[in-house]
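**Student:** Enclosed is the structure file entry_31.cif (mmCIF, C-alpha atoms).
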data_structure
loop_
_atom_site.label_atom_id
_atom_site.label_comp_id
_atom_site.auth_asym_id
_atom_site.auth_seq_id
_atom_site.Cartn_x
_atom_site.Cartn_y
_atom_site.Cartn_z
CA MET F 26 -12.63 -23.07 -28.26
CA ALA F 27 -13.22 -20.83 -25.25
CA GLN F 28 -14.11 -22.45 -21.95
CA PRO F 29 -17.70 -21.66 -20.87
CA ALA F 30 -17.87 -19.32 -17.91
CA TRP F 31 -19.69 -21.88 -15.74
CA GLU F 32 -16.85 -24.35 -16.25
CA HIS F 33 -14.17 -21.90 -15.16
CA ASP F 34 -11.97 -23.42 -12.48
CA PRO F 35 -10.28 -20.58 -10.55
CA GLN F 36 -6.57 -21.10 -10.06
CA PRO F 37 -4.83 -19.48 -7.08
CA LEU F 38 -2.05 -17.07 -7.91
CA PRO F 39 1.33 -18.81 -7.68
CA LEU F 40 3.20 -17.45 -4.68
CA ASP F 41 6.40 -17.14 -6.70
CA SER F 42 4.64 -14.61 -8.94
CA ALA F 43 4.57 -12.04 -6.12
CA PRO F 44 7.26 -9.36 -6.71
CA LEU F 45 9.42 -9.59 -3.61
CA PRO F 46 10.95 -6.56 -1.90
CA GLU F 47 14.66 -6.12 -2.66
CA TYR F 48 15.85 -7.00 0.83
CA GLY F 49 19.61 -6.78 1.29
CA ALA F 50 20.38 -4.65 -1.76
CA GLY F 51 17.69 -2.06 -2.45
CA SER F 52 15.00 -1.90 0.24
CA LEU F 53 14.19 0.78 2.79
CA ALA F 54 15.84 -1.35 5.45
CA ASP F 55 19.15 -1.01 3.57
CA LEU F 56 19.19 2.80 3.39
CA LEU F 57 20.40 3.99 6.80
CA PRO F 58 22.96 1.18 7.24
CA THR F 59 24.44 2.20 3.88
CA LEU F 60 24.65 5.88 4.88
CA ALA F 61 26.01 5.04 8.34
CA ALA F 62 28.63 2.70 6.89
CA GLY F 63 29.83 5.57 4.70
CA MET F 64 30.31 7.65 7.86
CA GLY F 65 32.32 4.93 9.58
CA VAL F 66 29.70 3.68 12.05
CA PRO F 67 30.83 0.26 13.29
CA GLY F 68 28.77 -2.77 12.31
CA MET F 69 26.99 -1.10 9.41
CA THR F 70 27.02 -2.51 5.87
CA ALA F 71 26.76 -0.49 2.66
CA ALA F 72 24.08 -2.70 1.12
CA ILE F 73 22.88 -0.22 -1.53
CA SER F 74 25.99 -0.33 -3.66
CA GLU F 75 24.98 2.59 -5.87
CA LEU F 76 25.21 5.20 -3.10
CA ALA F 77 28.45 7.13 -2.62
CA PRO F 78 29.47 8.03 0.96
CA ALA F 79 28.96 11.52 2.36
CA ASP F 80 29.98 13.14 5.63
CA ARG F 81 26.51 14.55 6.18
CA ASN F 82 23.37 12.66 5.23
CA CYS F 83 19.73 13.73 5.35
CA VAL F 84 16.73 11.47 4.76
CA PHE F 85 13.47 13.28 3.99
CA LEU F 86 10.65 10.72 4.12
CA ILE F 87 7.39 11.78 2.48
CA ASP F 88 4.63 9.52 3.76
CA GLY F 89 2.68 7.93 0.90
CA LEU F 90 4.63 9.24 -2.10
CA GLY F 91 5.22 6.18 -4.26
CA TRP F 92 7.50 6.08 -7.28
CA GLU F 93 4.65 5.50 -9.71
CA GLN F 94 2.54 8.33 -8.29
CA LEU F 95 5.45 10.77 -8.49
CA LYS F 96 6.23 9.84 -12.09
CA ALA F 97 2.55 10.24 -13.01
CA HIS F 98 2.41 13.89 -11.87
CA PRO F 99 5.41 15.75 -13.29
CA GLU F 100 3.54 19.05 -13.59
CA ASP F 101 2.70 19.05 -9.87
CA ALA F 102 6.21 18.17 -8.68
CA PRO F 103 8.64 19.83 -11.09
CA PHE F 104 11.59 19.87 -8.69
CA MET F 105 11.34 16.23 -7.66
CA THR F 106 10.66 15.27 -11.27
CA SER F 107 13.95 16.95 -12.22
CA LEU F 108 15.65 14.62 -9.73
CA LEU F 109 14.17 11.34 -11.01
CA ALA F 110 17.35 10.42 -12.85
CA SER F 111 19.28 10.84 -9.60
CA SER F 112 17.27 8.14 -7.84
CA ARG F 113 19.25 5.33 -6.26
CA GLY F 114 22.67 6.74 -6.89
CA GLY F 115 22.03 7.98 -10.42
CA THR F 116 20.63 4.72 -11.77
CA GLY F 117 17.16 6.25 -12.11
CA ARG F 118 15.71 3.24 -10.28
CA PRO F 119 13.48 3.13 -7.18
CA LEU F 120 13.86 1.32 -3.88
CA THR F 121 11.33 -1.16 -2.58
CA THR F 122 9.67 -0.79 0.80
CA GLY F 123 9.22 -4.20 2.39
CA TYR F 124 6.17 -6.30 3.07
CA PRO F 125 3.70 -5.07 4.01
CA ALA F 126 4.04 -1.63 2.40
CA THR F 127 2.62 0.27 5.35
CA THR F 128 3.84 3.09 7.57
CA ALA F 129 4.60 1.35 10.86
CA THR F 130 6.45 -1.46 9.12
CA SER F 131 8.39 0.85 6.81
CA LEU F 132 9.40 3.36 9.49
CA ALA F 133 10.70 0.50 11.62
CA SER F 134 12.64 -0.83 8.63
CA VAL F 135 14.12 2.61 7.96
CA GLY F 136 15.10 3.32 11.54
CA THR F 137 16.42 -0.09 12.57
CA GLY F 138 17.95 -1.07 9.22
CA LEU F 139 16.21 -4.43 9.58
CA PRO F 140 13.49 -6.16 7.55
CA PRO F 141 10.07 -6.78 9.12
CA GLY F 142 10.78 -10.37 10.11
CA ALA F 143 13.55 -9.14 12.39
CA HIS F 144 12.28 -5.81 13.79
CA GLY F 145 8.88 -7.36 14.41
CA LEU F 146 6.41 -4.75 13.18
CA PRO F 147 5.04 -6.87 10.31
CA GLY F 148 1.75 -5.11 9.69
CA TYR F 149 -0.74 -2.39 10.54
CA THR F 150 -2.40 -4.63 13.13
CA VAL F 151 -0.99 -7.97 14.28
CA ARG F 152 -1.76 -10.40 17.07
CA ASN F 153 0.18 -10.01 20.29
CA PRO F 154 1.03 -13.63 21.20
CA ALA F 155 1.26 -12.72 24.89
CA THR F 156 -2.33 -11.44 25.11
CA GLY F 157 -4.10 -12.87 22.06
CA GLU F 158 -5.31 -9.37 21.16
CA LEU F 159 -4.78 -7.41 17.97
CA MET F 160 -2.14 -4.72 18.43
CA ASN F 161 -2.23 -1.60 16.24
CA GLN F 162 1.45 -0.90 15.59
CA LEU F 163 0.89 2.58 14.16
CA ARG F 164 -1.18 3.89 17.07
CA TRP F 165 0.37 1.44 19.59
CA GLN F 166 -3.02 0.32 20.93
CA PRO F 167 -3.48 -1.45 23.24
CA TRP F 168 -0.30 -0.20 24.89
CA THR F 169 2.54 -2.73 24.85
CA ALA F 170 6.02 -2.34 26.34
CA PRO F 171 8.07 -0.98 23.41
CA GLY F 172 11.47 -2.43 24.32
CA PRO F 173 10.52 -6.12 24.32
CA TRP F 174 8.36 -5.63 21.23
CA GLN F 175 11.29 -4.20 19.21
CA PRO F 176 14.57 -4.73 21.09
CA TYR F 177 17.14 -3.76 18.44
CA PRO F 178 18.96 -0.40 18.61
CA THR F 179 18.14 2.08 15.88
CA VAL F 180 20.75 3.19 13.37
CA PHE F 181 20.39 6.71 14.79
CA ARG F 182 21.39 5.44 18.23
CA LEU F 183 24.35 3.50 16.85
CA ALA F 184 25.45 6.54 14.84
CA HIS F 185 25.15 8.81 17.88
CA ASP F 186 27.20 6.36 19.94
CA ALA F 187 29.86 6.46 17.21
CA GLY F 188 30.17 10.25 17.42
CA VAL F 189 27.88 11.17 14.52
CA HIS F 190 25.53 14.12 15.11
CA ALA F 191 22.13 12.40 14.83
CA ALA F 192 18.85 14.34 14.79
CA GLN F 193 15.20 13.93 13.90
CA VAL F 194 13.06 16.90 12.81
CA SER F 195 9.36 16.10 12.76
CA SER F 196 5.97 17.00 14.18
CA PRO F 197 6.06 17.60 17.96
CA ALA F 198 3.24 15.06 18.26
CA PHE F 199 5.64 12.24 17.40
CA GLU F 200 8.35 13.02 19.97
CA ASN F 201 7.30 10.58 22.67
CA THR F 202 5.27 7.97 20.78
CA PRO F 203 6.18 4.30 21.20
CA LEU F 204 6.63 3.96 17.44
CA THR F 205 9.21 6.77 17.47
CA LYS F 206 10.93 5.11 20.43
CA VAL F 207 11.30 1.70 18.78
CA ALA F 208 11.91 2.89 15.21
CA LEU F 209 13.51 6.32 15.11
CA SER F 210 15.00 7.26 18.48
CA GLY F 211 18.63 8.21 19.00
CA GLY F 212 20.37 11.56 18.98
CA THR F 213 18.11 14.59 19.44
CA PHE F 214 14.45 15.15 18.53
CA HIS F 215 13.35 18.59 17.30
CA GLY F 216 9.62 19.19 16.98
CA ARG F 217 8.43 21.76 14.45
CA LEU F 218 4.87 22.26 13.26
CA SER F 219 5.28 23.69 9.76
CA GLY F 220 7.00 22.03 6.86
CA GLU F 221 9.08 25.12 6.20
CA GLU F 222 10.37 25.15 9.79
CA ARG F 223 11.32 21.49 9.50
CA MET F 224 13.30 22.08 6.30
CA ASP F 225 15.16 25.04 7.76
CA LEU F 226 16.00 23.23 10.99
CA ALA F 227 17.04 20.06 9.16
CA ALA F 228 19.57 22.10 7.22
CA GLU F 229 20.85 23.65 10.47
CA GLN F 230 21.19 20.23 12.08
CA LEU F 231 23.16 18.91 9.12
CA ALA F 232 25.64 21.75 9.56
CA ALA F 233 25.91 21.13 13.32
CA GLY F 234 28.40 18.27 12.98
CA ASP F 235 31.32 17.27 10.78
CA ARG F 236 29.45 13.99 10.43
CA SER F 237 25.67 14.29 10.60
CA LEU F 238 22.69 12.00 10.11
CA VAL F 239 19.38 13.88 10.00
CA TYR F 240 15.86 12.55 9.41
CA THR F 241 12.81 14.65 8.61
CA TYR F 242 9.25 13.69 7.73
CA TYR F 243 6.02 14.95 6.16
CA ALA F 244 2.72 13.08 6.55
CA GLU F 245 -0.04 14.83 4.66
CA VAL F 246 0.54 13.43 1.15
CA ASP F 247 -0.53 10.12 2.65
CA GLY F 248 -3.46 11.67 4.48
CA ALA F 249 -4.83 13.28 1.32
CA GLY F 250 -4.42 10.03 -0.60
CA HIS F 251 -6.35 8.02 1.98
CA ARG F 252 -9.20 10.53 2.16
CA PHE F 253 -9.52 11.69 -1.42
CA GLY F 254 -7.40 9.43 -3.67
CA VAL F 255 -4.04 9.80 -5.37
CA ASP F 256 -5.34 11.75 -8.36
CA SER F 257 -7.57 14.18 -6.46
CA ASP F 258 -7.07 17.93 -6.46
CA LEU F 259 -6.31 17.87 -2.73
CA TRP F 260 -3.68 15.16 -3.17
CA ARG F 261 -2.10 17.11 -6.03
CA GLY F 262 -2.07 20.19 -3.81
CA GLN F 263 -0.14 18.30 -1.16
CA LEU F 264 2.29 17.04 -3.79
CA MET F 265 2.87 20.60 -5.02
CA TYR F 266 3.49 21.76 -1.44
CA VAL F 267 5.96 19.02 -0.56
CA ASP F 268 7.79 19.56 -3.85
CA ARG F 269 8.49 23.12 -2.71
CA LEU F 270 9.64 21.80 0.67
CA VAL F 271 12.17 19.49 -1.00
CA GLN F 272 13.51 22.38 -3.05
CA ARG F 273 13.69 24.62 0.04
CA LEU F 274 15.79 22.02 1.87
CA ALA F 275 17.98 21.27 -1.14
CA GLU F 276 18.87 24.95 -1.53
CA GLN F 277 20.10 25.17 2.10
CA LEU F 278 22.27 22.07 2.33
CA PRO F 279 25.71 22.62 3.88
CA PRO F 280 28.85 21.34 2.14
CA ARG F 281 29.62 17.60 1.95
CA THR F 282 25.95 16.67 2.24
CA ALA F 283 23.78 14.07 0.51
CA LEU F 284 20.01 14.59 0.71
CA TYR F 285 17.84 11.54 0.01
CA VAL F 286 14.10 11.97 -0.60
CA THR F 287 12.15 8.75 -0.18
CA ALA F 288 8.81 7.37 1.06
CA ASP F 289 7.36 4.57 3.12
CA HIS F 290 4.95 3.22 0.48
CA GLY F 291 2.91 4.13 -2.57
CA MET F 292 -0.86 3.92 -2.90
CA VAL F 293 -3.71 2.72 -5.12
CA ASP F 294 -7.28 4.01 -5.35
CA VAL F 295 -9.92 1.30 -4.98
CA PRO F 296 -13.46 1.74 -6.38
CA PHE F 297 -16.42 1.66 -4.01
CA ASP F 298 -18.33 -1.41 -5.18
CA GLU F 299 -18.76 -5.01 -4.10
CA GLN F 300 -16.40 -6.33 -6.77
CA HIS F 301 -13.48 -4.25 -5.49
CA ARG F 302 -14.33 -4.10 -1.77
CA ILE F 303 -14.99 -7.54 -0.29
CA ASP F 304 -16.58 -7.12 3.14
CA PHE F 305 -15.25 -9.65 5.63
CA ASP F 306 -17.98 -8.70 8.10
CA GLU F 307 -20.66 -9.76 5.60
CA ASP F 308 -18.94 -12.80 4.06
CA TRP F 309 -19.62 -15.98 6.03
CA GLU F 310 -17.14 -17.98 3.95
CA LEU F 311 -14.21 -15.74 4.78
CA ARG F 312 -15.23 -15.51 8.44
CA ALA F 313 -15.50 -19.27 8.95
CA GLY F 314 -12.82 -20.47 11.35
CA VAL F 315 -11.29 -17.00 11.80
CA ALA F 316 -10.60 -15.78 15.33
CA LEU F 317 -9.00 -12.42 14.45
CA LEU F 318 -8.65 -10.35 11.28
CA GLY F 319 -5.45 -8.31 11.27
CA GLY F 320 -3.39 -6.26 8.85
CA GLU F 321 -5.26 -3.95 6.49
CA GLY F 322 -7.37 -4.19 3.37
CA ARG F 323 -4.59 -5.05 0.92
CA ALA F 324 -2.34 -6.97 3.33
CA ARG F 325 -4.27 -9.19 5.70
CA HIS F 326 -3.07 -11.28 8.62
CA VAL F 327 -5.73 -13.91 9.31
CA TYR F 328 -5.63 -15.71 12.67
CA ALA F 329 -7.52 -19.00 12.72
CA VAL F 330 -9.24 -20.63 15.66
CA PRO F 331 -7.13 -23.56 16.90
CA GLY F 332 -7.11 -26.41 14.42
CA ALA F 333 -8.79 -24.47 11.60
CA GLY F 334 -5.70 -23.05 9.87
CA ASN F 335 -5.73 -25.41 6.88
CA ASP F 336 -9.46 -24.95 6.33
CA VAL F 337 -9.15 -21.17 6.44
CA LEU F 338 -6.24 -21.28 3.99
CA THR F 339 -8.21 -23.48 1.59
CA CYS F 340 -11.28 -21.25 1.78
CA TRP F 341 -9.41 -17.98 1.35
CA ARG F 342 -7.57 -19.41 -1.67
CA GLU F 343 -10.83 -20.54 -3.24
CA VAL F 344 -12.60 -17.23 -2.66
CA LEU F 345 -9.72 -14.78 -3.28
CA GLY F 346 -6.94 -16.71 -4.98
CA GLU F 347 -7.26 -15.06 -8.39
CA GLN F 348 -6.97 -11.55 -6.91
CA PHE F 349 -4.73 -12.10 -3.88
CA TRP F 350 -1.57 -14.02 -3.20
CA VAL F 351 -2.79 -16.23 -0.33
CA ALA F 352 -0.14 -18.04 1.72
CA SER F 353 0.16 -19.87 4.96
CA ARG F 354 2.47 -18.33 7.55
CA ASP F 355 5.23 -20.80 6.74
CA GLU F 356 4.79 -20.37 2.99
CA ALA F 357 5.07 -16.58 3.28
CA ILE F 358 8.19 -16.96 5.42
CA ALA F 359 9.76 -19.44 3.01
CA ALA F 360 8.96 -17.12 0.08
CA GLY F 361 10.83 -14.30 1.83
CA TRP F 362 7.90 -11.89 2.13
CA PHE F 363 9.11 -10.53 5.48
CA GLY F 364 12.83 -10.76 4.77
CA PRO F 365 15.52 -13.43 4.92
CA ARG F 366 14.86 -14.33 8.56
CA ILE F 367 12.06 -14.38 11.09
CA ASP F 368 12.96 -13.82 14.74
CA GLU F 369 11.35 -16.29 17.12
CA ARG F 370 9.46 -13.54 18.94
CA VAL F 371 7.93 -12.42 15.62
CA TYR F 372 6.76 -15.78 14.29
CA ALA F 373 3.39 -15.91 16.06
CA ARG F 374 2.65 -12.26 15.24
CA LEU F 375 2.20 -13.31 11.61
CA GLY F 376 -1.18 -14.57 10.48
CA ASP F 377 -1.91 -18.27 10.08
CA VAL F 378 -3.01 -17.12 6.61
CA ILE F 379 -1.57 -14.06 4.88
CA ALA F 380 -3.34 -12.43 1.92
CA ALA F 381 -1.65 -9.82 -0.29
CA ALA F 382 -3.66 -8.10 -3.02
CA ARG F 383 -2.52 -8.22 -6.63
CA ASP F 384 -5.56 -6.50 -8.18
CA ASP F 385 -7.21 -3.20 -7.21
CA VAL F 386 -9.25 -4.87 -4.47
CA LEU F 387 -9.63 -4.72 -0.69
CA ILE F 388 -10.83 -6.97 2.07
CA ILE F 389 -12.65 -4.40 4.16
CA ALA F 390 -14.35 -4.94 7.52
CA SER F 391 -17.20 -2.44 7.57
CA GLU F 392 -18.26 -3.08 11.17
CA ARG F 393 -14.95 -3.58 12.98
CA GLU F 394 -12.89 -1.18 10.83
CA PRO F 395 -15.34 1.54 9.67
CA LYS F 396 -12.77 4.31 9.17
CA GLU F 397 -10.25 2.16 7.32
CA SER F 398 -13.02 0.64 5.20
CA ALA F 399 -14.06 4.11 3.97
CA MET F 400 -10.62 5.13 2.63
CA VAL F 401 -10.24 5.90 -1.09
CA GLY F 402 -6.48 5.35 -1.34
CA ASN F 403 -5.00 2.18 0.12
CA HIS F 404 -1.66 0.36 0.34
CA GLY F 405 0.06 -2.60 1.92
CA SER F 406 0.70 -5.19 -0.77
CA MET F 407 3.55 -6.04 -3.16
CA THR F 408 2.39 -4.37 -6.37
CA PRO F 409 4.72 -1.79 -7.93
CA ALA F 410 2.27 1.03 -7.13
CA GLU F 411 2.67 0.25 -3.42
CA GLN F 412 6.18 -1.19 -3.15
CA LEU F 413 8.29 1.15 -5.26
CA VAL F 414 9.50 4.38 -3.66
CA PRO F 415 11.93 7.05 -4.88
CA LEU F 416 15.42 7.66 -3.55
CA LEU F 417 16.00 11.11 -5.06
CA GLU F 418 19.44 12.55 -4.38
CA VAL F 419 20.91 16.04 -4.06
CA ARG F 420 24.64 16.39 -3.20
CA THR F 421 26.77 19.37 -2.30
#
Let me see whether you can do it: turn the structure in this file into structure tokens.

**Tutor:**
Amino acid sequence: MAQPAWEHDPQPLPLDSAPLPEYGAGSLADLLPTLAAGMGVPGMTAAISELAPADRNCVFLIDGLGWEQLKAHPEDAPFMTSLLASSRGGTGRPLTTGYPATTATSLASVGTGLPPGAHGLPGYTVRNPATGELMNQLRWQPWTAPGPWQPYPTVFRLAHDAGVHAAQVSSPAFENTPLTKVALSGGTFHGRLSGEERMDLAAEQLAAGDRSLVYTYYAEVDGAGHRFGVDSDLWRGQLMYVDRLVQRLAEQLPPRTALYVTADHGMVDVPFDEQHRIDFDEDWELRAGVALLGGEGRARHVYAVPGAGNDVLTCWREVLGEQFWVASRDEAIAAGWFGPRIDERVYARLGDVIAAARDDVLIIASEREPKESAMVGNHGSMTPAEQLVPLLEVRT
């Protein structure tokens, strides 16, 4: 006999049901160390066992192009679709990003070869323990000294020091940003405005050394997804454009090169109604005992007022526990959400409570985050649509 609706006792999602990133074997943080190890860079480990070494390696990161979204649009991306079987060394499998599946975190994982718990960019916004303020790690606001915030050398720097020709080809706007400094610096930066110019110059930079490590980037697939959704005509147009860019680069690769096409996260569209968009700024239960709301809609860091952490955890589990994995800081660390280790300097950047969406829902904040709250496409959590990214391969 079915249980009456009014007798339903909501049960929080078990934390061990969250699909963890594949840290140490198949995550974004494992990609550059694997390529650098194949070029003989000291201290690097070939963690992604499926990848064969190459003298010249190029990583083309397409912001926002998840594995599931690519597979769902073969007619718009015929060239990349033809490469799906090549993903992850010919296994036809994706990589995972890391938690949270968001740009600042993922770019730091790519560039440093470290998971979020070590590099210390564990979210879109996190609390700075030194000031008590929220720090936006994508826009680097308020300004924070980059070196102490992320002190590890990038793989590009280590490769350059080992005699590898290391280069980044991206938008000129990114050349001097703190995020570039902490995540992607090392070797030479080449700013080019158009996608076609970036592809052509990336190919030239690959040929400039007997051993080369080149990174290039395209942002607007993500931008179209946020504004219009991942099945909109404008998003499809961006996918068609970047598919041609990948083919343009692939056709110019010099000998002994491996090109890897990947992404920093996928994306999900979230409907605009109260069932799918829970407004923190209008929900007194969720606000009770909360000093700061960090992260983003699908991956929240919640900072409690002193002494209220357990009450906030209990409340958030009761209100959201059937749609979100809701963990205390220590539970999320023990579960491995941020990787196998948490550096001491990173510990207090994590929320007292951490909420990761399982369903197509958001915790928006309409007053304090009006722009983010209005986005159609969103990401951050551990679902396959957000976590899985391609690792398409072309070799010469």

**Student:** Give me the residues of range 67-129 of chain F that have any atom at most 12 Å from an atom of range 364-372 of chain F; for each, the nearest atom pair and the distance in Å, rounded to one decimal. Use all atoms listed in the file, sort by chain and number, and format it as CSV.

**Tutor:**
residue,atom,partner,partner_atom,distance
F:Thr122,CA,F:Gly364,CA,11.2
F:Gly123,CA,F:Gly364,CA,7.9
F:Tyr124,CA,F:Gly364,CA,8.2
F:Pro125,CA,F:Gly364,CA,10.8

**Student:** So that I can see what lies close to Val337 in chain F, please list as a PyMOL selection string the residues with an atom at most 8 Å from it, counting all atoms listed in the file and leaving out residues fewer than 6 positions away in the same chain.

**Tutor:** chain F and resi 311+313-315+329+378

**Student:** Given only C-alpha atoms as the basis, pick out the residue of F:Phe214, F:Trp341, F:Tyr242, F:Trp174 nearest to Gln230 in chain F.

**Tutor:**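 Under the stated criterion, the closest residue is F:Phe214.
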
**Student:** Can you list, as a list of chain:residue names, every protein, DNA or RNA residue that comes within 12 Å of Leu40 in chain F when you count only C-alpha atoms, leaving out same-chain residues fewer than 3 positions away?

**Tutor:**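 Listed by chain and then number, they are F:Gln36, F:Pro37, F:Ala43, F:Pro44, F:Leu45, F:Arg342, F:Gly346, F:Glu347, F:Gln348, F:Phe349, F:Trp350, F:Val351, F:Ala352, F:Ser353, F:Glu356, F:Ala357, F:Ile358, F:Ala359, F:Ala360, F:Gly361, F:Trp362, F:Ile379, F:Ala380, F:Ala381, F:Ala382, F:Arg383, F:Met407.
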
**Student:** Can you measure CA of Glu343 in chain F to CA of Tyr328 in chain F for me? One decimal in Å is fine.

**Tutor:**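 Taking CA of Glu343 in chain F and CA of Tyr328 in chain F, their separation equals 17.4 Å.
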
**Student:** What is the distance between CA of Asp258 in chain F and CA of Gly405 in chain F, in Å to one decimal?

**Tutor:**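 Distance reported for this atom pair: 23.3 Å.
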
**Student:** Please return as a ChimeraX atom specification every residue within 10 Å of (4.5, -15.1, 14.8), taking into account all atoms listed in the file and the file's own coordinates.

**Tutor:** /F:142,145,147,151-154,354-355,367-377

**Student:** Would you mind listing what lies within 12 Å of Ala97 in chain F as a PyMOL selection string, with all atoms listed in the file counted and same-chain residues fewer than 6 positions away left out?

**Tutor:** chain F and resi 90-91+103+105-106+109+255-256+261+264+410

**Student:** Counting all atoms listed in the file, which residues come within 12 Å of (-16.4, -10.2, 3.6), with the point read in the file's coordinates, and could you list them as an NGL selection string?

**Tutor:** :F and (299-313 or 315 or 318 or 322 or 341 or 344-345 or 387-393 or 398)

**Student:** With all atoms listed in the file as the atoms that count, which of F:Val330, F:Gly117, F:Ala110, F:Ala54 lies nearest to Gly157 in chain F?

**Tutor:**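 Going through F:Val330, F:Gly117, F:Ala110, F:Ala54 one by one, the smallest distance to Gly157 in chain F is for F:Val330.
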
**Student:** In Å, rounded to a single decimal, give me how far CA of His215 in chain F is from CA of Leu146 in chain F.

**Tutor:**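 Calculated distance between CA of Leu146 in chain F and CA of His215 in chain F is 24.7 Å.
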